[in-house]
>>> print(open('structure18.cif').read())   # mmCIF, N, CA and C atoms and all ligand atoms
data_entry
#
loop_
_atom_site.label_atom_id
_atom_site.label_comp_id
_atom_site.auth_asym_id
_atom_site.auth_seq_id
_atom_site.Cartn_x
_atom_site.Cartn_y
_atom_site.Cartn_z
N MET A 297 -3.11 -6.39 5.10
CA MET A 297 -1.84 -5.66 5.14
C MET A 297 -2.05 -4.24 4.58
N ILE A 298 -1.48 -3.27 5.28
CA ILE A 298 -1.51 -1.89 4.79
C ILE A 298 -0.07 -1.47 4.48
N ALA A 299 0.17 -1.05 3.24
CA ALA A 299 1.51 -0.61 2.85
C ALA A 299 1.63 0.90 3.03
N LEU A 300 2.74 1.32 3.60
CA LEU A 300 2.98 2.75 3.81
C LEU A 300 4.22 3.17 3.03
N ALA A 301 4.18 4.36 2.43
CA ALA A 301 5.39 4.89 1.80
C ALA A 301 5.33 6.41 1.84
N ASN A 302 6.49 7.01 1.83
CA ASN A 302 6.59 8.46 2.01
C ASN A 302 7.90 8.99 1.45
N ASP A 303 7.95 10.31 1.23
CA ASP A 303 9.25 10.95 0.99
C ASP A 303 9.66 11.66 2.29
N HIS A 304 10.68 12.49 2.22
CA HIS A 304 11.15 13.19 3.44
C HIS A 304 10.07 14.07 4.04
N GLY A 305 9.23 14.67 3.19
CA GLY A 305 8.17 15.56 3.69
C GLY A 305 7.05 14.80 4.40
N GLY A 306 7.02 13.49 4.20
CA GLY A 306 5.95 12.70 4.81
C GLY A 306 6.45 11.77 5.90
N PHE A 307 7.76 11.82 6.16
CA PHE A 307 8.35 10.85 7.10
C PHE A 307 7.74 10.92 8.50
N GLU A 308 7.66 12.12 9.04
CA GLU A 308 7.20 12.26 10.42
C GLU A 308 5.75 11.75 10.57
N LEU A 309 4.88 12.16 9.67
CA LEU A 309 3.48 11.73 9.75
C LEU A 309 3.36 10.22 9.49
N LYS A 310 4.18 9.69 8.59
CA LYS A 310 4.17 8.23 8.34
C LYS A 310 4.49 7.47 9.63
N GLU A 311 5.50 7.95 10.36
CA GLU A 311 5.88 7.28 11.62
C GLU A 311 4.70 7.28 12.59
N GLU A 312 4.03 8.41 12.71
CA GLU A 312 2.87 8.53 13.62
C GLU A 312 1.77 7.56 13.20
N ILE A 313 1.49 7.52 11.91
CA ILE A 313 0.41 6.66 11.41
C ILE A 313 0.79 5.19 11.56
N LYS A 314 2.04 4.89 11.30
CA LYS A 314 2.50 3.50 11.45
C LYS A 314 2.31 3.03 12.90
N ASN A 315 2.75 3.86 13.86
CA ASN A 315 2.61 3.50 15.27
C ASN A 315 1.15 3.32 15.66
N LYS A 316 0.34 4.23 15.19
CA LYS A 316 -1.11 4.16 15.51
C LYS A 316 -1.71 2.86 14.96
N LEU A 317 -1.43 2.55 13.70
CA LEU A 317 -2.04 1.37 13.08
C LEU A 317 -1.53 0.09 13.73
N GLU A 318 -0.24 0.06 14.05
CA GLU A 318 0.33 -1.13 14.71
C GLU A 318 -0.32 -1.34 16.07
N LYS A 319 -0.50 -0.25 16.81
CA LYS A 319 -1.16 -0.34 18.13
C LYS A 319 -2.57 -0.88 18.00
N GLU A 320 -3.21 -0.54 16.90
CA GLU A 320 -4.60 -0.99 16.68
C GLU A 320 -4.67 -2.41 16.13
N GLY A 321 -3.52 -3.01 15.88
CA GLY A 321 -3.50 -4.41 15.45
C GLY A 321 -3.45 -4.64 13.96
N TYR A 322 -3.28 -3.58 13.18
CA TYR A 322 -3.16 -3.76 11.71
C TYR A 322 -1.78 -4.30 11.38
N ASP A 323 -1.71 -5.13 10.34
CA ASP A 323 -0.42 -5.53 9.77
C ASP A 323 0.01 -4.42 8.83
N VAL A 324 1.23 -3.95 9.05
CA VAL A 324 1.69 -2.80 8.28
C VAL A 324 3.05 -3.12 7.67
N VAL A 325 3.25 -2.71 6.42
CA VAL A 325 4.59 -2.82 5.84
C VAL A 325 5.05 -1.40 5.48
N ASP A 326 6.24 -1.06 5.98
CA ASP A 326 6.79 0.28 5.75
C ASP A 326 7.81 0.22 4.62
N LEU A 327 7.47 0.82 3.48
CA LEU A 327 8.32 0.74 2.30
C LEU A 327 9.30 1.90 2.20
N GLY A 328 9.40 2.69 3.26
CA GLY A 328 10.32 3.82 3.29
C GLY A 328 9.67 5.07 2.70
N ALA A 329 10.37 6.17 2.69
CA ALA A 329 11.72 6.39 3.15
C ALA A 329 11.79 6.32 4.69
N TYR A 330 12.97 6.01 5.18
CA TYR A 330 13.10 5.73 6.60
C TYR A 330 13.72 6.87 7.41
N ASN A 331 13.93 8.02 6.77
CA ASN A 331 14.41 9.19 7.50
C ASN A 331 14.06 10.45 6.70
N GLU A 332 14.55 11.60 7.15
CA GLU A 332 14.15 12.86 6.52
C GLU A 332 15.14 13.35 5.46
N GLU A 333 16.02 12.47 5.03
CA GLU A 333 16.93 12.84 3.94
C GLU A 333 16.13 13.01 2.66
N SER A 334 16.49 13.99 1.87
CA SER A 334 15.73 14.29 0.66
C SER A 334 15.73 13.12 -0.34
N VAL A 335 14.52 12.72 -0.75
CA VAL A 335 14.37 11.64 -1.74
C VAL A 335 13.29 12.05 -2.74
N ASP A 336 13.09 11.24 -3.75
CA ASP A 336 12.14 11.58 -4.81
C ASP A 336 10.81 10.84 -4.61
N TYR A 337 9.75 11.61 -4.42
CA TYR A 337 8.44 11.00 -4.10
C TYR A 337 7.92 10.01 -5.16
N PRO A 338 8.23 10.19 -6.49
CA PRO A 338 7.67 9.21 -7.44
C PRO A 338 8.09 7.77 -7.13
N ILE A 339 9.31 7.62 -6.65
CA ILE A 339 9.82 6.27 -6.36
C ILE A 339 8.99 5.62 -5.25
N TYR A 340 8.63 6.39 -4.25
CA TYR A 340 7.91 5.83 -3.11
C TYR A 340 6.41 5.67 -3.40
N GLY A 341 5.87 6.57 -4.21
CA GLY A 341 4.47 6.43 -4.62
C GLY A 341 4.30 5.15 -5.42
N LYS A 342 5.26 4.89 -6.31
CA LYS A 342 5.22 3.70 -7.16
C LYS A 342 5.36 2.43 -6.31
N LYS A 343 6.31 2.46 -5.38
CA LYS A 343 6.53 1.28 -4.53
C LYS A 343 5.26 0.86 -3.82
N CYS A 344 4.58 1.81 -3.22
CA CYS A 344 3.37 1.50 -2.46
C CYS A 344 2.26 1.04 -3.41
N ALA A 345 2.12 1.74 -4.52
CA ALA A 345 1.07 1.40 -5.48
C ALA A 345 1.27 -0.02 -6.02
N GLU A 346 2.50 -0.39 -6.28
CA GLU A 346 2.76 -1.73 -6.82
C GLU A 346 2.46 -2.81 -5.78
N GLU A 347 2.69 -2.49 -4.54
CA GLU A 347 2.40 -3.42 -3.46
C GLU A 347 0.89 -3.69 -3.39
N VAL A 348 0.11 -2.65 -3.62
CA VAL A 348 -1.36 -2.79 -3.60
C VAL A 348 -1.85 -3.45 -4.89
N ALA A 349 -1.33 -2.99 -6.03
CA ALA A 349 -1.77 -3.54 -7.32
C ALA A 349 -1.48 -5.04 -7.41
N SER A 350 -0.38 -5.47 -6.82
CA SER A 350 -0.01 -6.89 -6.87
C SER A 350 -0.71 -7.70 -5.78
N LYS A 351 -1.52 -7.02 -4.97
CA LYS A 351 -2.30 -7.63 -3.89
C LYS A 351 -1.45 -8.17 -2.73
N ASN A 352 -0.20 -7.72 -2.66
CA ASN A 352 0.59 -8.02 -1.46
C ASN A 352 0.03 -7.25 -0.26
N ALA A 353 -0.56 -6.10 -0.56
CA ALA A 353 -1.24 -5.31 0.47
C ALA A 353 -2.65 -5.01 -0.02
N GLU A 354 -3.59 -4.95 0.93
CA GLU A 354 -4.97 -4.63 0.53
C GLU A 354 -5.12 -3.14 0.25
N LYS A 355 -4.41 -2.34 1.04
CA LYS A 355 -4.53 -0.88 0.92
C LYS A 355 -3.17 -0.25 1.13
N GLY A 356 -3.06 1.01 0.70
CA GLY A 356 -1.81 1.73 0.90
C GLY A 356 -2.05 3.15 1.36
N ILE A 357 -1.07 3.69 2.06
CA ILE A 357 -1.11 5.10 2.45
C ILE A 357 0.21 5.73 2.01
N VAL A 358 0.12 6.80 1.21
CA VAL A 358 1.32 7.48 0.72
C VAL A 358 1.32 8.92 1.23
N ILE A 359 2.49 9.37 1.62
CA ILE A 359 2.58 10.72 2.22
C ILE A 359 3.81 11.44 1.69
N CYS A 360 3.59 12.62 1.13
CA CYS A 360 4.72 13.52 0.83
C CYS A 360 4.40 14.85 1.50
N GLY A 361 5.10 15.90 1.16
CA GLY A 361 4.87 17.17 1.84
C GLY A 361 3.45 17.65 1.67
N SER A 362 3.00 17.69 0.42
CA SER A 362 1.65 18.17 0.13
C SER A 362 0.66 17.03 -0.10
N GLY A 363 1.18 15.85 -0.39
CA GLY A 363 0.34 14.72 -0.78
C GLY A 363 0.08 14.69 -2.28
N ILE A 364 0.43 15.77 -2.95
CA ILE A 364 0.09 15.89 -4.38
C ILE A 364 0.99 15.00 -5.25
N GLY A 365 2.29 15.21 -5.15
CA GLY A 365 3.22 14.48 -6.01
C GLY A 365 3.10 12.97 -5.85
N ILE A 366 3.04 12.54 -4.61
CA ILE A 366 3.04 11.10 -4.37
C ILE A 366 1.70 10.46 -4.79
N SER A 367 0.62 11.25 -4.76
CA SER A 367 -0.67 10.71 -5.23
C SER A 367 -0.67 10.61 -6.76
N ILE A 368 -0.04 11.57 -7.41
CA ILE A 368 0.07 11.51 -8.89
C ILE A 368 0.86 10.25 -9.27
N ALA A 369 1.96 10.02 -8.56
CA ALA A 369 2.80 8.84 -8.85
C ALA A 369 2.00 7.56 -8.65
N ALA A 370 1.31 7.45 -7.53
CA ALA A 370 0.56 6.21 -7.23
C ALA A 370 -0.50 5.96 -8.30
N ASN A 371 -1.14 7.01 -8.75
CA ASN A 371 -2.22 6.84 -9.72
C ASN A 371 -1.75 6.42 -11.11
N LYS A 372 -0.44 6.43 -11.33
CA LYS A 372 0.06 5.97 -12.63
C LYS A 372 0.16 4.46 -12.72
N VAL A 373 -0.02 3.79 -11.59
CA VAL A 373 0.05 2.32 -11.58
C VAL A 373 -1.35 1.76 -11.82
N LYS A 374 -1.46 0.86 -12.79
CA LYS A 374 -2.76 0.30 -13.16
C LYS A 374 -3.44 -0.38 -11.97
N GLY A 375 -4.71 -0.09 -11.82
CA GLY A 375 -5.47 -0.72 -10.74
C GLY A 375 -5.49 0.13 -9.47
N ILE A 376 -4.72 1.22 -9.49
CA ILE A 376 -4.67 2.07 -8.29
C ILE A 376 -5.64 3.24 -8.40
N ARG A 377 -6.39 3.41 -7.32
CA ARG A 377 -7.26 4.57 -7.20
C ARG A 377 -6.82 5.28 -5.92
N CYS A 378 -5.94 6.25 -6.12
CA CYS A 378 -5.34 6.95 -4.97
C CYS A 378 -6.05 8.28 -4.77
N ALA A 379 -6.52 8.53 -3.56
CA ALA A 379 -7.25 9.77 -3.25
C ALA A 379 -6.47 10.60 -2.23
N LEU A 380 -6.18 11.82 -2.62
CA LEU A 380 -5.56 12.77 -1.70
C LEU A 380 -6.67 13.42 -0.88
N CYS A 381 -6.66 13.21 0.40
CA CYS A 381 -7.75 13.68 1.25
C CYS A 381 -7.26 14.68 2.29
N THR A 382 -8.04 15.76 2.43
CA THR A 382 -7.69 16.78 3.42
C THR A 382 -8.82 16.96 4.44
N SER A 383 -9.84 16.12 4.36
CA SER A 383 -10.92 16.20 5.34
C SER A 383 -11.51 14.80 5.54
N VAL A 384 -12.22 14.64 6.63
CA VAL A 384 -12.88 13.36 6.93
C VAL A 384 -13.94 13.07 5.86
N GLU A 385 -14.65 14.10 5.44
CA GLU A 385 -15.68 13.93 4.41
C GLU A 385 -15.08 13.39 3.12
N MET A 386 -13.95 13.95 2.72
CA MET A 386 -13.28 13.47 1.50
C MET A 386 -12.86 12.00 1.66
N ALA A 387 -12.38 11.65 2.85
CA ALA A 387 -11.93 10.27 3.09
C ALA A 387 -13.11 9.31 2.99
N LYS A 388 -14.26 9.71 3.54
CA LYS A 388 -15.46 8.84 3.47
C LYS A 388 -15.91 8.68 2.02
N LEU A 389 -15.91 9.79 1.28
CA LEU A 389 -16.35 9.73 -0.12
C LEU A 389 -15.37 8.92 -0.97
N ALA A 390 -14.08 9.04 -0.67
CA ALA A 390 -13.06 8.29 -1.42
C ALA A 390 -13.31 6.79 -1.26
N ALA A 391 -13.76 6.38 -0.08
CA ALA A 391 -14.07 4.95 0.14
C ALA A 391 -15.43 4.60 -0.45
N LYS A 392 -16.44 5.38 -0.12
CA LYS A 392 -17.83 5.09 -0.53
C LYS A 392 -18.02 5.11 -2.03
N HIS A 393 -17.53 6.14 -2.70
CA HIS A 393 -17.81 6.34 -4.12
C HIS A 393 -16.70 5.87 -5.05
N ASN A 394 -15.44 6.04 -4.62
CA ASN A 394 -14.32 5.76 -5.53
C ASN A 394 -13.60 4.45 -5.21
N ASN A 395 -13.98 3.83 -4.11
CA ASN A 395 -13.31 2.60 -3.67
C ASN A 395 -11.79 2.79 -3.71
N ALA A 396 -11.35 3.93 -3.21
CA ALA A 396 -9.91 4.26 -3.25
C ALA A 396 -9.12 3.21 -2.49
N ASN A 397 -8.13 2.64 -3.17
CA ASN A 397 -7.31 1.61 -2.51
C ASN A 397 -6.01 2.17 -1.97
N VAL A 398 -5.74 3.43 -2.28
CA VAL A 398 -4.59 4.12 -1.68
C VAL A 398 -5.06 5.50 -1.21
N LEU A 399 -4.64 5.86 -0.01
CA LEU A 399 -4.94 7.18 0.55
C LEU A 399 -3.66 8.02 0.52
N ALA A 400 -3.77 9.26 0.07
CA ALA A 400 -2.60 10.16 0.11
C ALA A 400 -2.84 11.28 1.12
N LEU A 401 -1.79 11.63 1.83
CA LEU A 401 -1.87 12.71 2.82
C LEU A 401 -0.69 13.67 2.64
N GLY A 402 -0.90 14.90 3.03
CA GLY A 402 0.16 15.90 3.00
C GLY A 402 0.77 16.07 4.38
N GLY A 403 1.99 15.58 4.54
CA GLY A 403 2.64 15.61 5.84
C GLY A 403 2.91 17.01 6.36
N ARG A 404 3.03 17.97 5.44
CA ARG A 404 3.31 19.34 5.86
C ARG A 404 2.05 20.18 5.95
N LEU A 405 0.94 19.62 5.53
CA LEU A 405 -0.30 20.41 5.47
C LEU A 405 -1.39 19.90 6.40
N THR A 406 -1.36 18.63 6.73
CA THR A 406 -2.43 18.04 7.55
C THR A 406 -1.87 17.63 8.89
N GLU A 407 -2.37 18.24 9.94
CA GLU A 407 -1.81 17.93 11.27
C GLU A 407 -2.26 16.54 11.74
N LYS A 408 -1.48 16.03 12.70
CA LYS A 408 -1.62 14.62 13.11
C LYS A 408 -3.06 14.21 13.48
N LYS A 409 -3.73 15.03 14.28
CA LYS A 409 -5.06 14.63 14.76
C LYS A 409 -6.02 14.45 13.58
N LEU A 410 -6.00 15.43 12.68
CA LEU A 410 -6.88 15.34 11.51
C LEU A 410 -6.45 14.16 10.62
N ALA A 411 -5.16 13.99 10.45
CA ALA A 411 -4.68 12.87 9.62
C ALA A 411 -5.18 11.54 10.19
N PHE A 412 -5.14 11.38 11.49
CA PHE A 412 -5.63 10.14 12.12
C PHE A 412 -7.13 9.96 11.84
N GLU A 413 -7.87 11.05 11.94
CA GLU A 413 -9.32 10.97 11.68
C GLU A 413 -9.59 10.59 10.22
N ILE A 414 -8.77 11.13 9.33
CA ILE A 414 -8.92 10.81 7.90
C ILE A 414 -8.63 9.33 7.66
N VAL A 415 -7.54 8.85 8.25
CA VAL A 415 -7.17 7.43 8.09
C VAL A 415 -8.29 6.54 8.63
N ASP A 416 -8.80 6.85 9.82
CA ASP A 416 -9.88 6.05 10.42
C ASP A 416 -11.12 6.04 9.53
N ALA A 417 -11.48 7.22 9.04
CA ALA A 417 -12.69 7.32 8.20
C ALA A 417 -12.52 6.50 6.94
N TRP A 418 -11.36 6.59 6.33
CA TRP A 418 -11.12 5.86 5.07
C TRP A 418 -11.10 4.34 5.30
N LEU A 419 -10.45 3.92 6.38
CA LEU A 419 -10.36 2.47 6.65
C LEU A 419 -11.70 1.87 7.06
N ASN A 420 -12.53 2.69 7.69
CA ASN A 420 -13.77 2.14 8.26
C ASN A 420 -15.03 2.45 7.45
N THR A 421 -14.85 2.94 6.25
CA THR A 421 -16.01 3.22 5.39
C THR A 421 -16.02 2.23 4.24
N GLU A 422 -17.18 1.65 3.99
CA GLU A 422 -17.32 0.64 2.92
C GLU A 422 -17.64 1.28 1.57
N PHE A 423 -17.18 0.64 0.52
CA PHE A 423 -17.56 1.03 -0.84
C PHE A 423 -19.06 0.77 -1.01
N GLU A 424 -19.78 1.76 -1.56
CA GLU A 424 -21.23 1.62 -1.71
C GLU A 424 -21.64 0.73 -2.87
N GLY A 425 -20.76 0.58 -3.85
CA GLY A 425 -21.11 -0.23 -5.02
C GLY A 425 -22.22 0.45 -5.81
N GLY A 426 -23.16 -0.35 -6.33
CA GLY A 426 -24.29 0.21 -7.08
C GLY A 426 -23.82 1.02 -8.27
N ARG A 427 -24.32 2.26 -8.37
CA ARG A 427 -23.99 3.09 -9.54
C ARG A 427 -22.49 3.42 -9.61
N HIS A 428 -21.79 3.28 -8.49
CA HIS A 428 -20.36 3.61 -8.47
C HIS A 428 -19.50 2.48 -9.04
N GLU A 429 -20.07 1.30 -9.07
CA GLU A 429 -19.35 0.12 -9.57
C GLU A 429 -18.83 0.36 -10.99
N LYS A 430 -19.74 0.79 -11.87
CA LYS A 430 -19.41 0.97 -13.28
C LYS A 430 -18.34 2.06 -13.44
N ARG A 431 -18.45 3.11 -12.64
CA ARG A 431 -17.50 4.23 -12.76
C ARG A 431 -16.10 3.80 -12.33
N VAL A 432 -16.05 3.01 -11.29
CA VAL A 432 -14.75 2.51 -10.83
C VAL A 432 -14.15 1.57 -11.89
N GLU A 433 -15.03 0.79 -12.49
CA GLU A 433 -14.59 -0.11 -13.57
C GLU A 433 -14.03 0.70 -14.75
N LEU A 434 -14.73 1.80 -15.08
CA LEU A 434 -14.24 2.66 -16.17
C LEU A 434 -12.86 3.22 -15.84
N LEU A 435 -12.68 3.60 -14.58
CA LEU A 435 -11.36 4.11 -14.15
C LEU A 435 -10.31 3.02 -14.33
N ASP A 436 -10.64 1.84 -13.90
CA ASP A 436 -9.65 0.76 -13.93
C ASP A 436 -9.29 0.33 -15.35
N ASN A 437 -10.18 0.64 -16.28
CA ASN A 437 -9.91 0.25 -17.68
C ASN A 437 -9.26 1.37 -18.49
N MET A 438 -8.96 2.47 -17.86
CA MET A 438 -8.34 3.59 -18.60
C MET A 438 -6.89 3.30 -18.94
C1 LIG B 1 9.41 17.82 -1.41
O1 LIG B 1 10.06 18.99 -1.05
C2 LIG B 1 7.99 18.10 -1.87
O2 LIG B 1 8.01 18.67 -3.13
C3 LIG B 1 7.18 16.84 -1.85
O3 LIG B 1 7.17 16.31 -0.57
C4 LIG B 1 5.73 16.95 -2.27
O4 LIG B 1 5.09 17.97 -1.59
C5 LIG B 1 5.48 16.96 -3.71
O5 LIG B 1 4.35 16.99 -4.21
#
>>> encode(input="structure18.cif", output="structure tokens")
Amino acid sequence: MIALANDHGGFELKEEIKNKLEKEGYDVVDLGAYNEESVDYPIYGKKCAEEVASKNAEKGIVICGSGIGISIAANKVKGIRCALCTSVEMAKLAAKHNNANVLALGGRLTEKKLAFEIVDAWLNTEFEGGRHEKRVELLDNM
């Protein structure tokens, strides 16, 4: 299961990503917001992060206008490693080195095609483990 959450600035891109993932056969849960009315991104970052931390979802994708606020919110939940990615390389590294369990995107800054490539790269790249294992453990114990 992949949990999705967004504020008004991330609504449009969330819809695009949701449709894409559903077409590809992923189970997706949409935690809102469900339209472009102004809302507060911390609430939605937390919702998605809690869904992942509680293992109701394996991974989460959070989207606000810049991706910054909602990634900060998600990272406040214990067990969450949320990475704001603006390139395919960052998405691969977030998976390989940081075992990021939540991906953050900026709905107003990252256009759809690149956002799709980032999502694909993050979902299809494995955690390398090894020397990164201990570092991820240190993060989780903070
Ligand atoms: C909302 O206007 C905007 O501040 C929000 O989407 C996000 O960019 C915050 O980091």
>>> select_by_dssp(input="structure18.cif", residues="chain A", states="alpha helix (DSSP H)", output="NGL selection string")
:A and (307-319 or 337-349 or 364-371 or 384-392 or 408-419 or 427-436)
>>> residues_near_ligand(input="structure18.cif", ligand="ligand LIG 1 (chain B)", cutoff="6.5 Å", atoms="only N, CA and C atoms and all ligand atoms", output="MDAnalysis selection string")
chainID A and resid 303:306 337 359:366
>>> residues_around(input="structure18.cif", residues="Lys343 in chain A", least_positions_apart="6", cutoff="8 Å", atoms="only N, CA and C atoms", output="list of chain:residue names")
A:Ala299, A:Leu300, A:Ala301, A:Leu327, A:Tyr337, A:Ala349, A:Ala369, A:Ala370
>>> atom_distance(input="structure18.cif", atom1="atom C of Pro338 in chain A", atom2="atom N of Lys372 in chain A")
9.6 Å
>>> residues_around(input="structure18.cif", residues="range 383-387 of chain A", least_positions_apart="6", cutoff="6 Å", atoms="all atoms listed in the file", output="number ranges by chain")
A: 413-414, 417-418
>>> closest_residue(input="structure18.cif", among="A:Cys378, A:Phe307, A:Ala411, A:Asp416", to="Ser334 in chain A", atoms="only C-alpha atoms")
A:Phe307
>>> residues_around(input="structure18.cif", residues="Ile298 in chain A", least_positions_apart="2", cutoff="7 Å", atoms="only C-alpha atoms", output="ChimeraX atom specification")
/A:300,323-325,353-356
>>> atom_distance(input="structure18.cif", atom1="atom N of Leu399 in chain A", atom2="atom N of Ile357 in chain A")
4.7 Å
>>> atom_distance(input="structure18.cif", atom1="CA of Ala379 in chain A", atom2="CA of Ala396 in chain A")
6.1 Å
>>> closest_residue(input="structure18.cif", among="A:Ala390, A:Ile368, A:Leu405, A:Leu419", to="Met297 in chain A", atoms="only C-alpha atoms")
A:Leu419
>>> select_by_dssp(input="structure18.cif", residues="chain A", states="strand (DSSP E)", output="VMD selection string")
chain A and resid 298 to 302 324 to 326 355 to 360 378 to 380 398 to 402
>>> write_last_selection(input="structure18.cif", atoms="N, CA and C atoms", output="mmCIF file, in the coordinates of the input")
data_model
loop_
_atom_site.group_PDB
_atom_site.id
_atom_site.type_symbol
_atom_site.label_atom_id
_atom_site.label_comp_id
_atom_site.auth_asym_id
_atom_site.auth_seq_id
_atom_site.Cartn_x
_atom_site.Cartn_y
_atom_site.Cartn_z
ATOM 1 N N ILE A 298 -1.480 -3.270 5.280
ATOM 2 C CA ILE A 298 -1.510 -1.890 4.790
ATOM 3 C C ILE A 298 -0.070 -1.470 4.480
ATOM 4 N N ALA A 299 0.170 -1.050 3.240
ATOM 5 C CA ALA A 299 1.510 -0.610 2.850
ATOM 6 C C ALA A 299 1.630 0.900 3.030
ATOM 7 N N LEU A 300 2.740 1.320 3.600
ATOM 8 C CA LEU A 300 2.980 2.750 3.810
ATOM 9 C C LEU A 300 4.220 3.170 3.030
ATOM 10 N N ALA A 301 4.180 4.360 2.430
ATOM 11 C CA ALA A 301 5.390 4.890 1.800
ATOM 12 C C ALA A 301 5.330 6.410 1.840
ATOM 13 N N ASN A 302 6.490 7.010 1.830
ATOM 14 C CA ASN A 302 6.590 8.460 2.010
ATOM 15 C C ASN A 302 7.900 8.990 1.450
ATOM 16 N N VAL A 324 1.230 -3.950 9.050
ATOM 17 C CA VAL A 324 1.690 -2.800 8.280
ATOM 18 C C VAL A 324 3.050 -3.120 7.670
ATOM 19 N N VAL A 325 3.250 -2.710 6.420
ATOM 20 C CA VAL A 325 4.590 -2.820 5.840
ATOM 21 C C VAL A 325 5.050 -1.400 5.480
ATOM 22 N N ASP A 326 6.240 -1.060 5.980
ATOM 23 C CA ASP A 326 6.790 0.280 5.750
ATOM 24 C C ASP A 326 7.810 0.220 4.620
ATOM 25 N N LYS A 355 -4.410 -2.340 1.040
ATOM 26 C CA LYS A 355 -4.530 -0.880 0.920
ATOM 27 C C LYS A 355 -3.170 -0.250 1.130
ATOM 28 N N GLY A 356 -3.060 1.010 0.700
ATOM 29 C CA GLY A 356 -1.810 1.730 0.900
ATOM 30 C C GLY A 356 -2.050 3.150 1.360
ATOM 31 N N ILE A 357 -1.070 3.690 2.060
ATOM 32 C CA ILE A 357 -1.110 5.100 2.450
ATOM 33 C C ILE A 357 0.210 5.730 2.010
ATOM 34 N N VAL A 358 0.120 6.800 1.210
ATOM 35 C CA VAL A 358 1.320 7.480 0.720
ATOM 36 C C VAL A 358 1.320 8.920 1.230
ATOM 37 N N ILE A 359 2.490 9.370 1.620
ATOM 38 C CA ILE A 359 2.580 10.720 2.220
ATOM 39 C C ILE A 359 3.810 11.440 1.690
ATOM 40 N N CYS A 360 3.590 12.620 1.130
ATOM 41 C CA CYS A 360 4.720 13.520 0.830
ATOM 42 C C CYS A 360 4.400 14.850 1.500
ATOM 43 N N CYS A 378 -5.940 6.250 -6.120
ATOM 44 C CA CYS A 378 -5.340 6.950 -4.970
ATOM 45 C C CYS A 378 -6.050 8.280 -4.770
ATOM 46 N N ALA A 379 -6.520 8.530 -3.560
ATOM 47 C CA ALA A 379 -7.250 9.770 -3.250
ATOM 48 C C ALA A 379 -6.470 10.600 -2.230
ATOM 49 N N LEU A 380 -6.180 11.820 -2.620
ATOM 50 C CA LEU A 380 -5.560 12.770 -1.700
ATOM 51 C C LEU A 380 -6.670 13.420 -0.880
ATOM 52 N N VAL A 398 -5.740 3.430 -2.280
ATOM 53 C CA VAL A 398 -4.590 4.120 -1.680
ATOM 54 C C VAL A 398 -5.060 5.500 -1.210
ATOM 55 N N LEU A 399 -4.640 5.860 -0.010
ATOM 56 C CA LEU A 399 -4.940 7.180 0.550
ATOM 57 C C LEU A 399 -3.660 8.020 0.520
ATOM 58 N N ALA A 400 -3.770 9.260 0.070
ATOM 59 C CA ALA A 400 -2.600 10.160 0.110
ATOM 60 C C ALA A 400 -2.840 11.280 1.120
ATOM 61 N N LEU A 401 -1.790 11.630 1.830
ATOM 62 C CA LEU A 401 -1.870 12.710 2.820
ATOM 63 C C LEU A 401 -0.690 13.670 2.640
ATOM 64 N N GLY A 402 -0.900 14.900 3.030
ATOM 65 C CA GLY A 402 0.160 15.900 3.000
ATOM 66 C C GLY A 402 0.770 16.070 4.380
#
>>> residues_around(input="structure18.cif", residues="range 423-428 of chain A", least_positions_apart="3", cutoff="5 Å", atoms="all atoms listed in the file", output="ChimeraX atom specification")
/A:391-392,431-432
>>> closest_residue(input="structure18.cif", among="A:Glu346, A:Glu311, A:Glu407, A:Glu422", to="His393 in chain A", atoms="only C-alpha atoms")
A:Glu422
>>> residues_around(input="structure18.cif", residues="Lys314 in chain A", least_positions_apart="4", cutoff="8 Å", atoms="only N, CA and C atoms", output="number ranges by chain")
A: 300, 308-310, 318-320, 324, 326
>>> decode(input="structure18.cif", residues="range 314-323 of chain A", atoms="N, CA and C atoms", output="PDB file, in the first residue's frame")
ATOM      1  N   LYS A 314      -1.602   9.647  -8.284  1.00  0.00           N
ATOM      2  CA  LYS A 314      -2.562   8.613  -7.864  1.00  0.00           C
ATOM      3  C   LYS A 314      -3.060   7.826  -9.085  1.00  0.00           C
ATOM      4  N   ASN A 315      -3.462   8.542 -10.135  1.00  0.00           N
ATOM      5  CA  ASN A 315      -3.953   7.873 -11.348  1.00  0.00           C
ATOM      6  C   ASN A 315      -2.883   6.985 -11.965  1.00  0.00           C
ATOM      7  N   LYS A 316      -1.685   7.512 -12.012  1.00  0.00           N
ATOM      8  CA  LYS A 316      -0.570   6.738 -12.598  1.00  0.00           C
ATOM      9  C   LYS A 316      -0.338   5.450 -11.799  1.00  0.00           C
ATOM     10  N   LEU A 317      -0.264   5.566 -10.477  1.00  0.00           N
ATOM     11  CA  LEU A 317       0.041   4.391  -9.650  1.00  0.00           C
ATOM     12  C   LEU A 317      -1.092   3.373  -9.719  1.00  0.00           C
ATOM     13  N   GLU A 318      -2.327   3.863  -9.713  1.00  0.00           N
ATOM     14  CA  GLU A 318      -3.474   2.939  -9.797  1.00  0.00           C
ATOM     15  C   GLU A 318      -3.452   2.187 -11.129  1.00  0.00           C
ATOM     16  N   LYS A 319      -3.150   2.903 -12.206  1.00  0.00           N
ATOM     17  CA  LYS A 319      -3.064   2.260 -13.530  1.00  0.00           C
ATOM     18  C   LYS A 319      -1.989   1.181 -13.540  1.00  0.00           C
ATOM     19  N   GLU A 320      -0.934   1.420 -12.788  1.00  0.00           N
ATOM     20  CA  GLU A 320       0.178   0.454 -12.744  1.00  0.00           C
ATOM     21  C   GLU A 320      -0.093  -0.703 -11.779  1.00  0.00           C
ATOM     22  N   GLY A 321      -1.230  -0.658 -11.105  1.00  0.00           N
ATOM     23  CA  GLY A 321      -1.614  -1.780 -10.243  1.00  0.00           C
ATOM     24  C   GLY A 321      -1.229  -1.644  -8.783  1.00  0.00           C
ATOM     25  N   TYR A 322      -0.724  -0.495  -8.379  1.00  0.00           N
ATOM     26  CA  TYR A 322      -0.398  -0.292  -6.951  1.00  0.00           C
ATOM     27  C   TYR A 322      -1.682  -0.074  -6.161  1.00  0.00           C
ATOM     28  N   ASP A 323      -1.689  -0.554  -4.913  1.00  0.00           N
ATOM     29  CA  ASP A 323      -2.764  -0.202  -3.983  1.00  0.00           C
ATOM     30  C   ASP A 323      -2.412   1.148  -3.391  1.00  0.00           C
TER      31      ASP A 323
END
